[in-house]
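Enquirer: Quick one, structure.txt (compact mmCIF, C-alpha atoms):
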# COMPACT_ATOMS: atom_id res chain seq x y z
CA MET A 13 15.96 -7.68 8.40
CA LEU A 14 14.97 -9.19 11.74
CA PHE A 15 11.75 -10.66 10.40
CA PHE A 16 13.47 -12.02 7.31
CA SER A 17 16.08 -13.84 9.38
CA TYR A 18 13.44 -15.03 11.77
CA PHE A 19 11.03 -16.32 9.14
CA LYS A 20 13.88 -18.17 7.47
CA GLU A 21 14.17 -20.19 10.65
CA LEU A 22 10.54 -21.21 10.30
CA VAL A 23 10.92 -22.79 6.86
CA GLY A 24 9.31 -26.22 6.86
CA ARG A 25 6.85 -25.36 9.62
CA GLU A 26 3.13 -24.80 9.46
CA VAL A 27 2.12 -21.16 9.48
CA THR A 28 -1.07 -19.26 8.76
CA VAL A 29 -0.71 -16.20 6.60
CA GLU A 30 -3.48 -13.67 6.96
CA LEU A 31 -3.81 -11.27 4.05
CA LYS A 32 -5.02 -7.71 4.15
CA ASN A 33 -8.13 -8.82 2.25
CA ASP A 34 -8.98 -11.13 5.19
CA LEU A 35 -8.06 -14.31 3.37
CA ALA A 36 -6.15 -16.62 5.67
CA ILE A 37 -4.04 -19.39 4.16
CA ARG A 38 -2.47 -22.17 6.16
CA GLY A 39 0.42 -24.10 4.80
CA THR A 40 3.99 -25.24 5.14
CA LEU A 41 6.41 -22.36 4.83
CA HIS A 42 8.48 -23.19 1.76
CA SER A 43 10.53 -20.02 1.53
CA VAL A 44 10.63 -16.35 2.31
CA ASP A 45 12.67 -13.58 0.72
CA GLN A 46 13.95 -10.20 1.84
CA TYR A 47 10.69 -8.52 0.81
CA LEU A 48 8.83 -11.03 3.00
CA ASN A 49 7.24 -12.58 -0.03
CA ILE A 50 6.08 -15.95 1.24
CA LYS A 51 5.82 -19.27 -0.55
CA LEU A 52 3.57 -21.85 1.03
CA GLU A 53 3.14 -25.52 0.18
CA ASN A 54 0.24 -27.86 0.88
CA THR A 55 -1.94 -24.85 1.48
CA ARG A 56 -5.51 -24.73 2.59
CA VAL A 57 -7.77 -21.79 3.17
CA VAL A 58 -8.85 -21.35 6.76
CA ASP A 59 -12.30 -19.96 5.96
CA GLN A 60 -13.27 -22.35 3.18
CA ASP A 61 -16.89 -21.27 3.01
CA LYS A 62 -15.90 -17.77 2.11
CA TYR A 63 -13.19 -18.71 -0.36
CA PRO A 64 -14.26 -22.02 -1.91
CA HIS A 65 -12.16 -21.50 -5.03
CA MET A 66 -8.98 -21.41 -2.97
CA LEU A 67 -9.97 -24.78 -1.57
CA SER A 68 -6.79 -26.59 -2.41
CA VAL A 69 -4.08 -24.89 -4.30
CA ARG A 70 -0.97 -26.90 -3.60
CA ASN A 71 1.58 -24.17 -3.61
CA CYS A 72 1.11 -20.48 -3.37
CA PHE A 73 3.18 -17.32 -3.65
CA ILE A 74 2.03 -14.45 -1.49
CA ARG A 75 3.29 -10.94 -2.04
CA GLY A 76 4.88 -9.58 1.12
CA SER A 77 3.04 -6.29 0.88
CA VAL A 78 -0.40 -7.93 1.14
CA VAL A 79 0.40 -9.87 4.32
CA ARG A 80 -1.26 -8.59 7.47
CA TYR A 81 -0.20 -11.27 9.98
CA VAL A 82 1.74 -14.48 10.04
CA GLN A 83 0.54 -16.83 12.74
CA LEU A 84 3.44 -18.85 14.02
CA PRO A 85 3.54 -22.29 15.55
CA PRO A 86 4.04 -21.82 19.31
CA GLU A 87 6.90 -24.32 19.33
CA GLY A 88 8.61 -22.28 16.63
CA VAL A 89 8.83 -19.19 18.80
CA ASP A 90 12.09 -19.03 20.72
CA VAL A 91 11.42 -16.12 23.02
CA GLU A 92 15.01 -15.85 24.25
CA LEU A 93 16.37 -15.80 20.72
CA LEU A 94 13.88 -13.12 19.73
CA HIS A 95 14.77 -11.04 22.79
CA ASP A 96 18.41 -11.07 21.82
CA ALA A 97 17.67 -10.38 18.18
CA THR A 98 15.40 -7.44 18.91
CA ARG A 99 17.92 -5.98 21.36
CA ARG A 100 20.64 -6.27 18.76
CA GLU A 101 18.38 -4.68 16.16
CA ALA A 102 17.48 -1.84 18.52
CA ARG A 103 21.17 -1.13 19.11
CA GLY A 104 21.54 -0.87 15.36
CA GLY A 105 23.98 -3.77 15.30
CA MET B 5 -0.36 2.39 -6.41
CA ALA B 6 -1.98 -0.86 -7.38
CA VAL B 7 -4.12 -0.40 -10.43
CA GLY B 8 -5.49 -3.90 -10.99
CA ILE B 9 -6.03 -5.38 -14.41
CA ARG B 10 -6.46 -3.23 -17.50
CA VAL B 11 -7.18 -3.57 -21.20
CA TYR B 12 -3.99 -3.94 -23.19
CA SER B 13 -3.74 -4.37 -26.93
CA GLU B 14 -0.57 -2.58 -27.98
CA ARG B 15 1.36 -5.02 -30.12
CA VAL B 16 4.75 -4.74 -31.75
CA GLY B 17 4.94 -4.09 -35.49
CA ASP B 18 1.87 -4.87 -37.57
CA GLY B 19 -0.03 -5.87 -34.48
CA GLY B 20 0.34 -9.58 -34.96
CA GLY B 21 2.76 -10.47 -32.26
CA GLU B 22 4.31 -9.52 -29.00
CA PRO B 23 3.02 -6.79 -26.75
CA VAL B 24 4.77 -3.43 -26.65
CA LEU B 25 6.99 -3.31 -23.59
CA ASP B 26 8.66 -0.45 -21.80
CA ALA B 27 12.18 -1.35 -22.89
CA GLU B 28 13.49 2.10 -22.00
CA ASN B 29 12.77 1.38 -18.35
CA GLY B 30 14.34 -2.04 -18.54
CA GLU B 31 11.24 -4.11 -19.12
CA GLU B 32 12.16 -7.46 -20.64
CA LEU B 33 10.13 -10.31 -22.00
CA MET B 34 10.78 -13.28 -19.71
CA HIS B 35 8.49 -15.96 -21.04
CA VAL B 36 5.95 -16.64 -23.79
CA GLN B 37 3.32 -19.28 -23.29
CA PRO B 38 1.08 -19.98 -26.27
CA GLY B 39 -2.29 -21.63 -25.93
CA VAL B 40 -3.55 -19.97 -22.76
CA SER B 41 -7.10 -18.92 -22.08
CA ILE B 42 -7.89 -16.31 -19.47
CA VAL B 43 -10.71 -16.30 -16.93
CA LEU B 44 -11.54 -13.04 -15.17
CA SER B 45 -13.45 -13.24 -11.94
CA ASN B 46 -16.01 -16.03 -12.36
CA GLY B 47 -16.60 -15.28 -16.02
CA PRO B 48 -16.29 -17.70 -18.93
CA PRO B 49 -12.86 -18.54 -20.36
CA GLU B 50 -11.98 -16.09 -23.11
CA SER B 51 -10.79 -17.05 -26.57
CA PRO B 52 -7.42 -18.76 -26.86
CA GLY B 53 -4.54 -16.42 -26.51
CA THR B 54 -0.88 -16.11 -25.70
CA LEU B 55 0.55 -15.30 -22.32
CA TYR B 56 3.52 -12.94 -22.21
CA ILE B 57 5.35 -12.61 -18.93
CA SER B 58 7.64 -9.61 -18.74
CA SER B 59 9.85 -8.44 -15.91
CA LYS B 60 7.11 -5.96 -14.95
CA LYS B 61 3.75 -7.40 -15.89
CA VAL B 62 1.65 -10.25 -17.15
CA VAL B 63 0.09 -9.65 -20.56
CA TRP B 64 -2.49 -11.85 -22.20
CA LEU B 65 -3.28 -11.20 -25.86
CA SER B 66 -6.03 -12.89 -27.79
CA ASP B 67 -4.97 -14.98 -30.78
CA VAL B 68 -8.28 -14.30 -32.48
CA ASP B 69 -9.14 -10.70 -31.78
CA ARG B 70 -6.14 -8.40 -32.32
CA GLU B 71 -7.79 -5.68 -30.31
CA LYS B 72 -8.30 -7.88 -27.29
CA GLY B 73 -5.88 -8.20 -24.46
CA TYR B 74 -5.27 -7.59 -20.78
CA ALA B 75 -2.32 -6.67 -18.62
CA VAL B 76 -1.68 -6.66 -14.91
CA ASP B 77 1.47 -5.44 -13.19
CA PHE B 78 3.27 -7.77 -10.82
CA LEU B 79 2.89 -4.99 -8.27
CA SER B 80 -0.87 -5.64 -8.40
CA LEU B 81 -0.65 -9.42 -8.07
CA SER B 82 -1.29 -10.22 -4.41
CA LEU B 83 -0.77 -13.92 -4.79
CA HIS B 84 -0.49 -16.61 -7.38
CA ALA B 85 -0.90 -20.32 -7.04
CA VAL B 86 -1.17 -23.54 -8.99
CA SER B 87 -4.74 -24.78 -8.92
CA ARG B 88 -5.17 -28.43 -9.86
CA ASP B 89 -8.18 -29.42 -7.81
CA PRO B 90 -11.16 -29.88 -10.15
CA GLU B 91 -13.42 -28.79 -7.30
CA ALA B 92 -11.69 -25.41 -7.19
CA TYR B 93 -11.71 -25.02 -10.97
CA PRO B 94 -12.43 -27.61 -13.68
CA SER B 95 -9.16 -27.04 -15.52
CA PRO B 96 -5.72 -26.90 -13.96
CA CYS B 97 -4.61 -23.29 -13.96
CA ILE B 98 -2.54 -20.52 -12.47
CA TYR B 99 -4.82 -18.79 -10.00
CA THR B 100 -4.05 -15.16 -9.14
CA GLN B 101 -5.52 -12.55 -6.88
CA ILE B 102 -5.36 -8.94 -8.01
CA GLU B 103 -5.09 -5.93 -5.77
CA THR B 104 -7.42 -3.26 -7.09
CA GLY B 105 -6.80 -0.45 -4.62
CA ASP B 106 -10.24 -0.54 -2.98
CA ASP B 107 -10.19 -4.04 -1.58
CA GLU B 108 -12.66 -3.35 1.18
CA ASN B 109 -15.72 -3.01 -1.01
CA VAL B 110 -14.66 -5.28 -3.80
CA ASP B 111 -14.88 -8.69 -2.20
CA GLU B 112 -18.59 -8.58 -1.56
CA SER B 113 -19.74 -6.53 -4.52
CA GLU B 114 -17.50 -7.85 -7.26
CA ASP B 115 -19.02 -11.27 -7.87
CA SER B 116 -22.65 -10.26 -7.89
CA ASP B 117 -22.19 -6.95 -9.71
CA SER B 118 -19.98 -8.12 -12.51
CA GLU B 119 -22.13 -11.17 -13.13
CA CYS B 120 -25.45 -9.39 -12.99
CA ASN B 121 -24.43 -6.68 -15.41
CA GLY B 122 -22.99 -9.17 -17.84
CA THR B 123 -20.12 -6.78 -18.48
CA LEU B 124 -16.89 -6.87 -16.54
CA ASP B 125 -15.74 -3.80 -14.71
CA LEU B 126 -12.01 -4.39 -14.87
CA SER B 127 -11.32 -2.17 -11.89
CA LYS B 128 -13.27 -4.62 -9.73
CA ILE B 129 -11.63 -7.80 -10.96
CA THR B 130 -9.83 -9.40 -8.04
CA GLU B 131 -9.28 -12.85 -9.51
CA MET B 132 -7.69 -14.07 -12.70
CA ARG B 133 -7.08 -17.61 -13.87
CA LEU B 134 -4.70 -18.51 -16.65
CA VAL B 135 -5.48 -21.89 -18.15
CA PRO B 136 -2.71 -23.33 -20.34
CA SER B 137 -3.73 -25.93 -22.88
CA ASP B 138 -0.70 -27.90 -21.68
CA PRO B 139 -1.14 -28.39 -17.92
CA SER B 140 2.38 -29.79 -17.57
CA GLN B 141 3.61 -26.20 -17.93
CA LEU B 142 1.92 -25.08 -14.72
CA ASP B 143 4.81 -25.60 -12.33
CA HIS B 144 7.20 -23.90 -14.72
CA LEU B 145 4.81 -20.97 -15.11
CA PHE B 146 4.43 -20.76 -11.35
CA GLU B 147 8.20 -20.48 -10.92
CA ILE B 148 8.41 -17.76 -13.57
CA PHE B 149 5.66 -15.86 -11.80
CA CYS B 150 7.64 -16.16 -8.56
CA GLU B 151 10.87 -14.92 -10.14
CA CYS B 152 9.15 -11.95 -11.73
CA ALA B 153 7.22 -11.08 -8.59
CA GLU B 154 10.54 -10.93 -6.76
CA LEU B 155 11.85 -8.57 -9.43
CA ASN B 156 9.12 -6.13 -8.44
CA PRO B 157 9.59 -5.37 -4.76
CA GLU B 158 7.12 -3.11 -3.12
CA LEU B 159 7.97 0.58 -3.00
CA ILE B 160 5.38 0.87 -0.28
CA GLU B 161 7.63 1.83 2.61
CA GLU B 162 9.13 4.67 0.63
CA GLU B 163 5.81 5.63 -0.89
CA GLU B 164 4.12 5.66 2.47
CA GLU B 165 6.86 7.80 3.89
CA HIS B 166 6.64 10.17 0.95
CA ASN B 167 2.87 10.24 1.15
CA TRP B 168 3.05 10.82 4.85
CA ILE B 169 5.55 13.63 4.58
CA SER B 170 3.84 15.19 1.61
CA SER B 171 0.45 14.96 3.28
CA VAL B 172 1.83 16.64 6.40
CA ASP B 173 3.39 19.28 4.19
CA GLN B 174 0.11 19.65 2.38
CA LEU B 175 -1.68 20.04 5.69
CA ARG B 176 0.81 22.68 6.74
CA GLU B 177 0.62 24.41 3.40
CA GLU B 178 -3.15 24.28 3.46
CA GLY B 179 -3.07 25.55 7.02
CA THR B 180 -0.86 28.50 6.20
CA GLU B 181 -2.69 29.14 2.99
CA VAL B 182 -5.91 29.34 4.93
CA GLU B 183 -4.36 31.34 7.72
CA ASP B 184 -2.39 33.73 5.58
CA PRO B 185 -5.27 35.30 3.66
CA ASN B 186 -7.33 35.54 6.85
CA TRP B 187 -4.46 37.15 8.63
CA PHE B 188 -3.90 39.64 5.84
CA MET B 189 -7.61 40.19 5.41
CA SER B 190 -8.17 41.09 9.03
CA GLU B 191 -4.87 42.90 9.36
CA ASN B 192 -5.14 45.17 6.35
CA PRO B 193 -8.40 46.99 7.11
CA THR B 194 -7.56 47.45 10.81
CA SER B 195 -3.85 48.05 10.55
CA THR B 196 -4.08 51.77 9.74
CA ILE B 197 -6.59 52.37 12.48
CA GLY B 198 -5.06 49.82 14.79
CA GLN B 199 -1.59 51.28 14.45
CA SER B 200 -2.68 54.81 15.16
CA ASN B 201 -4.81 53.58 18.02
CA GLY B 202 -1.81 51.74 19.29
CA ASP B 203 0.28 54.87 19.04
CA HIS B 204 -2.32 56.87 20.93
CA ASP B 205 -2.54 54.22 23.58
CA LEU B 206 1.20 54.16 23.87
CA ALA B 207 1.34 57.94 24.07
CA ARG B 208 -1.36 57.99 26.73
CA THR B 209 0.38 55.36 28.76
CA VAL B 210 3.59 57.29 28.57
CA LEU B 211 1.76 60.47 29.54
CA GLU B 212 0.03 58.71 32.40
CA LEU B 213 3.35 57.31 33.52
CA GLN B 214 4.80 60.79 33.46
CA ILE B 215 1.75 62.09 35.27
CA ASN B 216 2.04 59.35 37.80
CA ASP B 217 5.66 60.26 38.26
CA ARG B 218 4.72 63.85 38.87
CA ARG B 219 1.94 62.76 41.20
CA PHE B 220 4.43 60.80 43.23
CA GLU B 221 6.65 63.83 43.28
CA ASP B 222 3.62 65.95 44.10
CA ALA B 223 2.60 63.56 46.77
CA ASP B 224 6.03 63.80 48.31
CA GLU B 225 5.83 67.54 48.11
CA MET B 226 2.25 67.42 49.43
CA GLU B 227 3.35 65.19 52.28
CA HIS B 228 6.23 67.55 52.81
CA ASP B 229 3.84 70.47 52.62
CA VAL B 230 1.37 68.80 55.01
CA ASP B 231 4.18 67.91 57.35
CA SER B 232 5.47 71.40 57.17
CA GLY B 233 1.90 72.69 57.54
CA HIS B 234 1.55 70.81 60.78
CA HIS B 235 4.70 72.31 61.95
Represent the structure of the file as structure tokens.
Expert:
Amino acid sequence: MLFFSYFKELVGREVTVELKNDLAIRGTLHSVDQYLNIKLENTRVVDQDKYPHMLSVRNCFIRGSVVRYVQLPPEGVDVELLHDATRREARGG
Amino acid sequence: MAVGIRVYSERVGDGGGEPVLDAENGEELMHVQPGVSIVLSNGPPESPGTLYISSKKVVWLSDVDREKGYAVDFLSLSLHAVSRDPEAYPSPCIYTQIETGDDENVDESEDSDSECNGTLDLSKITEMRLVPSDPSQLDHLFEIFCECAELNPELIEEEEEHNWISSVDQLREEGTEVEDPNWFMSENPTSTIGQSNGDHDLARTVLELQINDRRFEDADEMEHDVDSGHH
């Protein structure tokens, strides 16, 4: 549940979601659920030459199971907060 | 796991209406959208049809050809989006990507292969567009897709664990299955000889030990004798 709670904090920020099929979509994180399904708004495809048809879908639902990476905005990463959260998670609390 | 898109033409009753759903396993019809054409991969739009969204899958059935229809499980839908940009596609549509199970090879081969052959290999279809005749329905359709996708969470973690465990078990079973016959094969022909040989060896060793014991005794006596002989 750590990632779910963490991603919820990032709602409204710009993220890049990289899928397991190599498609990378950048957009504003609209919402995330417990399965890490991700909804993006104002999306654009990072590699537009390779995926021209994805050029400009406005909103997009991405199945959590097909996500490989989520690239976070550096200013959205609170290292201290993550340290605490991971320690708590490791303790099973 | 993911199976991609498939042909689907099972309809309720006389075959004029709704698709047959798996009601026993709780599958429910969530939404019906008439006047939708379907576009697979980069193919042409197919005859007008009706879109049925159930709690488990998306079914499109042709209004013209009763035998024609497709279905894709929400578990196989990697993403869905509203596409309104005419540069992306001329008509506003719901754009979906389909997980086929062998993603690695599909991306490069799918477009050229399916187009060149003129026939669509459904197992290689990774893209599907649903074009409603009423574009104002797109946002509503998108939300329904979202709701239904969330109703179908991935079983992957469990599956992977099961696969992992079962594959390890299989490895072990295969290992023992391979080892067992070999072990019996080599053991059986030699066991009768081997056992008797072993017995002989054991008997000899015991004899030798006894002999050695006597030799030590003898040696003592000999030493004693020699000592006494010197005397």
Enquirer: Between A:Arg100, A:Pro86, A:Thr55, A:Val91, which is the closest to chain B once you count only C-alpha atoms?
Expert: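 Closest candidate: A:Thr55.
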Enquirer: Smallest atom-to-atom distance to Ile50 of chain A: which of A:Arg75, A:Arg38, A:Lys62, A:Lys32, using all atoms listed in the file?
Expert: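 Checking each candidate against Ile50 of chain A, we get A:Arg75 as the closest.
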Enquirer: Skip Glu87 of chain A itself and residues of its chain fewer than 3 positions away, then list as a ChimeraX atom specification all residues within 10 Å of it, counting only C-alpha atoms.
Expert: /A:25,84,90
Enquirer: Could you work out which residues of chain A fall inside 10 Å of chain B? Count all atoms listed in the file, and format the result as a PyMOL selection string.
Expert: chain A and resi 31-34+45-53+55+63-79
Enquirer: Any chance you could export the current selection's C-alpha atoms as a JSON list (two decimals), in the frame of the given file?
Expert:
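The resulting file, result.json, is reproduced below:
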[["chain", "number", "residue", "atom", "x", "y", "z"],
["A", 31, "LEU", "CA", -3.81, -11.27, 4.05],
["A", 32, "LYS", "CA", -5.02, -7.71, 4.15],
["A", 33, "ASN", "CA", -8.13, -8.82, 2.25],
["A", 34, "ASP", "CA", -8.98, -11.13, 5.19],
["A", 45, "ASP", "CA", 12.67, -13.58, 0.72],
["A", 46, "GLN", "CA", 13.95, -10.20, 1.84],
["A", 47, "TYR", "CA", 10.69, -8.52, 0.81],
["A", 48, "LEU", "CA", 8.83, -11.03, 3.00],
["A", 49, "ASN", "CA", 7.24, -12.58, -0.03],
["A", 50, "ILE", "CA", 6.08, -15.95, 1.24],
["A", 51, "LYS", "CA", 5.82, -19.27, -0.55],
["A", 52, "LEU", "CA", 3.57, -21.85, 1.03],
["A", 53, "GLU", "CA", 3.14, -25.52, 0.18],
["A", 55, "THR", "CA", -1.94, -24.85, 1.48],
["A", 63, "TYR", "CA", -13.19, -18.71, -0.36],
["A", 64, "PRO", "CA", -14.26, -22.02, -1.91],
["A", 65, "HIS", "CA", -12.16, -21.50, -5.03],
["A", 66, "MET", "CA", -8.98, -21.41, -2.97],
["A", 67, "LEU", "CA", -9.97, -24.78, -1.57],
["A", 68, "SER", "CA", -6.79, -26.59, -2.41],
["A", 69, "VAL", "CA", -4.08, -24.89, -4.30],
["A", 70, "ARG", "CA", -0.97, -26.90, -3.60],
["A", 71, "ASN", "CA", 1.58, -24.17, -3.61],
["A", 72, "CYS", "CA", 1.11, -20.48, -3.37],
["A", 73, "PHE", "CA", 3.18, -17.32, -3.65],
["A", 74, "ILE", "CA", 2.03, -14.45, -1.49],
["A", 75, "ARG", "CA", 3.29, -10.94, -2.04],
["A", 76, "GLY", "CA", 4.88, -9.58, 1.12],
["A", 77, "SER", "CA", 3.04, -6.29, 0.88],
["A", 78, "VAL", "CA", -0.40, -7.93, 1.14],
["A", 79, "VAL", "CA", 0.40, -9.87, 4.32]]
Enquirer: List the neighbours of Gly104 of chain A out to 12 Å using only C-alpha atoms; skip same-chain residues closer than 6 positions along the sequence, and give me the result as a PDB file with C-alpha atoms, in the frame of the given file.
Expert:
ATOM      1  CA  MET A  13      15.960  -7.680   8.400  1.00  0.00           C
ATOM      2  CA  LEU A  14      14.970  -9.190  11.740  1.00  0.00           C
ATOM      3  CA  ALA A  97      17.670 -10.380  18.180  1.00  0.00           C
ATOM      4  CA  THR A  98      15.400  -7.440  18.910  1.00  0.00           C
TER       5      THR A  98
END
Enquirer: Mind pulling up the distance from atom CA of Tyr12 of chain B to atom CA of Lys61 of chain B?
Expert: 11.2 Å
Enquirer: Grab the atom CA of Leu22 of chain A to atom CA of His144 of chain B distance for me, in Å with one decimal place.
Expert: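 About the pair atom CA of Leu22 of chain A and atom CA of His144 of chain B: they are 25.4 Å apart.
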Enquirer: What does the distance between atom CA of Tyr56 of chain B and atom CA of Ser43 of chain A come to in Å, to one decimal place?
Expert: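 Separation of atom CA of Tyr56 of chain B and atom CA of Ser43 of chain A: 25.7 Å.
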Enquirer: Kindly provide, as a list in words, the polymer residues lying within 12 Å of (2.5, -29.1, -19.9), counting all atoms listed in the file and using the coordinates exactly as they appear in the file.
Expert: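 Selection result: Gln37, Pro38, Gly39, Val40, Pro96, Cys97, Val135, Pro136, Ser137, Asp138, Pro139, Ser140, Gln141, Leu142, Asp143, His144 and Leu145 of chain B.
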Enquirer: Find the spatial neighbours of Met34 of chain B, counting only C-alpha atoms, within a cut-off of 8 Å - ignore same-chain residues fewer than 5 positions away - and output them as a PDB file with C-alpha atoms, in the frame of the given file.
Expert:
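Full text of out-v7.pdb as output:
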ATOM      1  CA  TYR B  56       3.520 -12.940 -22.210  1.00  0.00           C
ATOM      2  CA  ILE B  57       5.350 -12.610 -18.930  1.00  0.00           C
ATOM      3  CA  SER B  58       7.640  -9.610 -18.740  1.00  0.00           C
ATOM      4  CA  SER B  59       9.850  -8.440 -15.910  1.00  0.00           C
ATOM      5  CA  ILE B 148       8.410 -17.760 -13.570  1.00  0.00           C
TER       6      ILE B 148
END
